[in-house]
Amino acid sequence: MARRKKVYEGKAKILYEGPEPGTLVQYFKDDATAFNAQKKDIIDGKGVLNNRLSEFFMVGLGNIGVPTHFIKRLNMREQLIRACEIVPLEIIVRNVAAGTLSTRLGIEEGTPLPRPIIEFCYKDDKLGDPLVAEEHIIAFGWANQQDLDDIVALALRVNDFMSGCMMAVGIKLVDFKIEVGRIWDNDMHSLILADEISPDSCRLWDIETGKKLDKDVFRRDLGSLTDAYTEVARRLGVLPTNS
Ligand code: C5P
């Protein structure tokens with residue numbers, strides 16, 4: 001295979017230059033990290049599952065008119081995506097209290113929230129992606145007010161779609177994280193959903209048993225992460241084949 005130029009390497013993915021200007025190839029690694037990479041492991045097959053699952057969600061979202069960076073899956077571990085300027089925010093949507101919300105506010109894990117709650121974290125590994133307020137985002141120019149309004153609307157649409165997909169297969173969407181990027185057209189820009197949507201970036205609980213089917217299995221040593229992700233893929237009808 002011809003050598004490709006690596007554009008970026010993150011904890012779970014690598015981006016390479018794409019075949020056309022304005023495109024990138026997103027490669028899904030098997031690396032699992034938690035607690036800002038203080039806990040690390042290689043989980044055989046995780047990248048393959050996340051490539052498929054992210055494709056499934058991005059295509060579904062595209063079909064209901066949510067703009068995404070996904071163009072097409074190339075192979076078991078790679079997808080062709082649109083290049084965009086990533087907004088330096090992690091956008092978290094929560095339906096049920098869990099994780100850092102429970103720790104921070106002392107709300108018991110599993111408590112349903114009165115409505116979906118959106119939080120923003122500033123994307124900076126050195127700082128541990130700190131929670132920030134809209135005031136910080138606007139004041140420091142990470143996004144403008146219009147972007148923020150668009151991000152909230154997009155995040156809620158993703159939540160509705162994902163919650164429905166999951167509910168249909170007996171899984172509760174507790175919370176998830178998304179990232180968005182800007183596509184520029186002269187001096188105008190629009191926002192698209194970027195990065196990935198997979199059990200790495202969601203909390204997914206079996207509705208009947210409460211069993212965790214997401215990265216908390218790794219974070220909290222609850223068993224096989226591959227088994228959990230395979231279960232999600234199986235229920236959604238997204239099991240990897242050899243293509
Ligand atoms: O850890 P916390 O409770 O804030 O996470 C909320 C949601 O965002 C979880 O689904 C988690 O997997 C996701 N998340 C993520 N990447 C981060 C932080 C959180 O995917 N850096």
# chains A, B, ... in the order shown; residues from 1 in each chain; ligands from 1
call {"tool": "residues_near_ligand", "arguments": {"ligand": "ligand 1", "cutoff": "9 Å", "atoms": "only C-alpha atoms and all ligand atoms", "output": "PDB file with C-alpha atoms, in the first residue's frame"}}
result
ATOM      1  CA  ALA A  34      -9.683   5.915  30.244  1.00  0.00           C
ATOM      2  CA  PHE A  35      -9.152   8.610  32.848  1.00  0.00           C
ATOM      3  CA  ASN A  36      -7.275  10.792  30.348  1.00  0.00           C
ATOM      4  CA  GLU A  90     -16.665  17.934  23.830  1.00  0.00           C
ATOM      5  CA  ILE A  91     -20.431  18.164  23.822  1.00  0.00           C
ATOM      6  CA  ILE A  92     -22.009  15.829  26.354  1.00  0.00           C
ATOM      7  CA  VAL A  93     -25.721  15.028  26.399  1.00  0.00           C
ATOM      8  CA  ARG A  94     -27.149  13.299  29.467  1.00  0.00           C
ATOM      9  CA  ALA A  97     -27.297  10.716  35.911  1.00  0.00           C
ATOM     10  CA  ALA A  98     -23.987   8.823  35.702  1.00  0.00           C
ATOM     11  CA  GLY A  99     -20.235   9.323  35.634  1.00  0.00           C
ATOM     12  CA  THR A 100     -18.849  12.760  36.389  1.00  0.00           C
ATOM     13  CA  LEU A 101     -22.317  14.327  36.740  1.00  0.00           C
ATOM     14  CA  SER A 102     -23.105  11.934  39.598  1.00  0.00           C
ATOM     15  CA  THR A 103     -19.717  12.515  41.213  1.00  0.00           C
ATOM     16  CA  GLU A 119     -22.579  20.090  29.046  1.00  0.00           C
ATOM     17  CA  CYS A 121     -15.874  20.473  28.065  1.00  0.00           C
ATOM     18  CA  LYS A 123     -10.875  19.771  24.521  1.00  0.00           C
ATOM     19  CA  ASP A 125      -5.754  16.579  27.211  1.00  0.00           C
ATOM     20  CA  GLY A 128      -8.118  16.875  31.407  1.00  0.00           C
ATOM     21  CA  ASP A 129     -10.909  18.340  29.233  1.00  0.00           C
ATOM     22  CA  LEU A 131     -16.083  21.445  32.104  1.00  0.00           C
ATOM     23  CA  LEU A 173     -28.935   5.743  26.098  1.00  0.00           C
ATOM     24  CA  VAL A 174     -27.723   7.181  29.390  1.00  0.00           C
ATOM     25  CA  ASP A 175     -25.340   9.786  27.975  1.00  0.00           C
ATOM     26  CA  PHE A 176     -22.918  10.392  25.135  1.00  0.00           C
ATOM     27  CA  LYS A 177     -20.280  12.758  23.822  1.00  0.00           C
ATOM     28  CA  ILE A 178     -20.072  14.258  20.354  1.00  0.00           C
ATOM     29  CA  ILE A 197     -20.321   7.789  17.724  1.00  0.00           C
ATOM     30  CA  SER A 198     -19.632   4.427  19.334  1.00  0.00           C
ATOM     31  CA  PRO A 199     -19.835   2.659  22.706  1.00  0.00           C
ATOM     32  CA  ASP A 200     -16.495   4.377  23.471  1.00  0.00           C
ATOM     33  CA  SER A 201     -18.300   7.696  23.704  1.00  0.00           C
ATOM     34  CA  CYS A 202     -21.731   6.647  25.027  1.00  0.00           C
ATOM     35  CA  ARG A 203     -23.139   5.066  28.160  1.00  0.00           C
ATOM     36  CA  LEU A 204     -25.451   2.219  27.165  1.00  0.00           C
ATOM     37  CA  ASP A 214     -20.093   0.628  26.909  1.00  0.00           C
ATOM     38  CA  LYS A 215     -16.611   1.793  27.845  1.00  0.00           C
ATOM     39  CA  ASP A 216     -17.451   1.731  31.566  1.00  0.00           C
TER      40      ASP A 216
END
call {"tool": "residues_around", "arguments": {"residues": "A:Leu193", "least_positions_apart": "6", "cutoff": "8 Å", "atoms": "only C-alpha atoms", "output": "list in words"}}
result
Val66, Pro67, Thr68, His69, Ile178, Glu179, Val180 and Gly181 of chain A
call {"tool": "closest_residue", "arguments": {"among": "A:Ala233, A:Ala143, A:Val59, A:Val48", "to": "A:Met76", "atoms": "only C-alpha atoms"}}
result
A:Val48
call {"tool": "select_by_dssp", "arguments": {"residues": "stretch 86-221 of chain A", "states": "strand (DSSP E or B)", "output": "JSON, numbers by chain"}}
result
{"A": [86, 89, 90, 91, 92, 93, 94, 95, 96, 112, 113, 114, 115, 116, 117, 118, 119, 120, 121, 122, 131, 132, 171, 172, 173, 174, 175, 176, 177, 178, 179, 180, 181, 182, 183, 184, 185, 188, 189, 190, 191, 192, 193, 194, 202, 203, 204, 205, 206, 212]}
call {"tool": "write_last_selection", "arguments": {"atoms": "C-alpha atoms", "output": "CSV table (one decimal), in the first residue's frame"}}
result
chain,number,residue,atom,x,y,z
A,86,ILE,CA,-12.8,20.7,14.9
A,89,LEU,CA,-15.4,21.3,22.7
A,90,GLU,CA,-16.7,17.9,23.8
A,91,ILE,CA,-20.4,18.2,23.8
A,92,ILE,CA,-22.0,15.8,26.4
A,93,VAL,CA,-25.7,15.0,26.4
A,94,ARG,CA,-27.1,13.3,29.5
A,95,ASN,CA,-30.5,11.6,29.9
A,96,VAL,CA,-29.8,9.8,33.2
A,112,PRO,CA,-33.5,9.9,35.4
A,113,LEU,CA,-32.9,13.6,34.6
A,114,PRO,CA,-35.9,15.9,34.2
A,115,ARG,CA,-34.8,16.7,30.7
A,116,PRO,CA,-31.7,16.1,28.6
A,117,ILE,CA,-28.8,18.1,30.0
A,118,ILE,CA,-26.1,19.4,27.7
A,119,GLU,CA,-22.6,20.1,29.0
A,120,PHE,CA,-19.5,21.4,27.3
A,121,CYS,CA,-15.9,20.5,28.1
A,122,TYR,CA,-12.9,22.3,26.6
A,131,LEU,CA,-16.1,21.4,32.1
A,132,VAL,CA,-16.7,25.0,30.8
A,171,ILE,CA,-30.8,-0.4,25.5
A,172,LYS,CA,-31.1,2.9,27.4
A,173,LEU,CA,-28.9,5.7,26.1
A,174,VAL,CA,-27.7,7.2,29.4
A,175,ASP,CA,-25.3,9.8,28.0
A,176,PHE,CA,-22.9,10.4,25.1
A,177,LYS,CA,-20.3,12.8,23.8
A,178,ILE,CA,-20.1,14.3,20.4
A,179,GLU,CA,-17.7,16.6,18.6
A,180,VAL,CA,-18.5,19.0,15.8
A,181,GLY,CA,-16.5,20.7,13.1
A,182,ARG,CA,-16.8,23.7,10.8
A,183,ILE,CA,-16.9,23.5,7.0
A,184,TRP,CA,-15.9,26.8,5.4
A,185,ASP,CA,-17.3,28.2,2.2
A,188,MET,CA,-19.3,31.5,5.9
A,189,HIS,CA,-19.3,28.2,7.8
A,190,SER,CA,-21.7,25.4,8.7
A,191,LEU,CA,-21.4,22.8,11.4
A,192,ILE,CA,-21.2,19.0,10.9
A,193,LEU,CA,-21.1,16.1,13.3
A,194,ALA,CA,-17.5,14.8,13.4
A,202,CYS,CA,-21.7,6.6,25.0
A,203,ARG,CA,-23.1,5.1,28.2
A,204,LEU,CA,-25.5,2.2,27.2
A,205,TRP,CA,-27.4,0.2,29.7
A,206,ASP,CA,-29.5,-2.9,29.0
A,212,LYS,CA,-23.4,-1.9,31.0
call {"tool": "atom_distance", "arguments": {"atom1": "atom CA of A:Phe28", "atom2": "atom CA of A:Asp147"}}
result
28.1 Å
call {"tool": "residues_around", "arguments": {"residues": "A:Tyr27", "least_positions_apart": "3", "cutoff": "6 Å", "atoms": "only C-alpha atoms", "output": "PyMOL selection string"}}
result
chain A and resi 13-14+77-78
call {"tool": "closest_residue", "arguments": {"among": "A:Lys11, A:Lys39, A:Arg235, A:Lys72", "to": "A:Ala168", "atoms": "only C-alpha atoms"}}
result
A:Arg235
call {"tool": "closest_residue", "arguments": {"among": "A:Ser163, A:Val87, A:Glu208, A:Arg82", "to": "A:Leu148", "atoms": "only C-alpha atoms"}}
result
A:Val87
call {"tool": "closest_residue", "arguments": {"among": "A:Val158, A:Ile107, A:Val152, A:Ile43", "to": "A:Gly60", "atoms": "only C-alpha atoms"}}
result
A:Val158
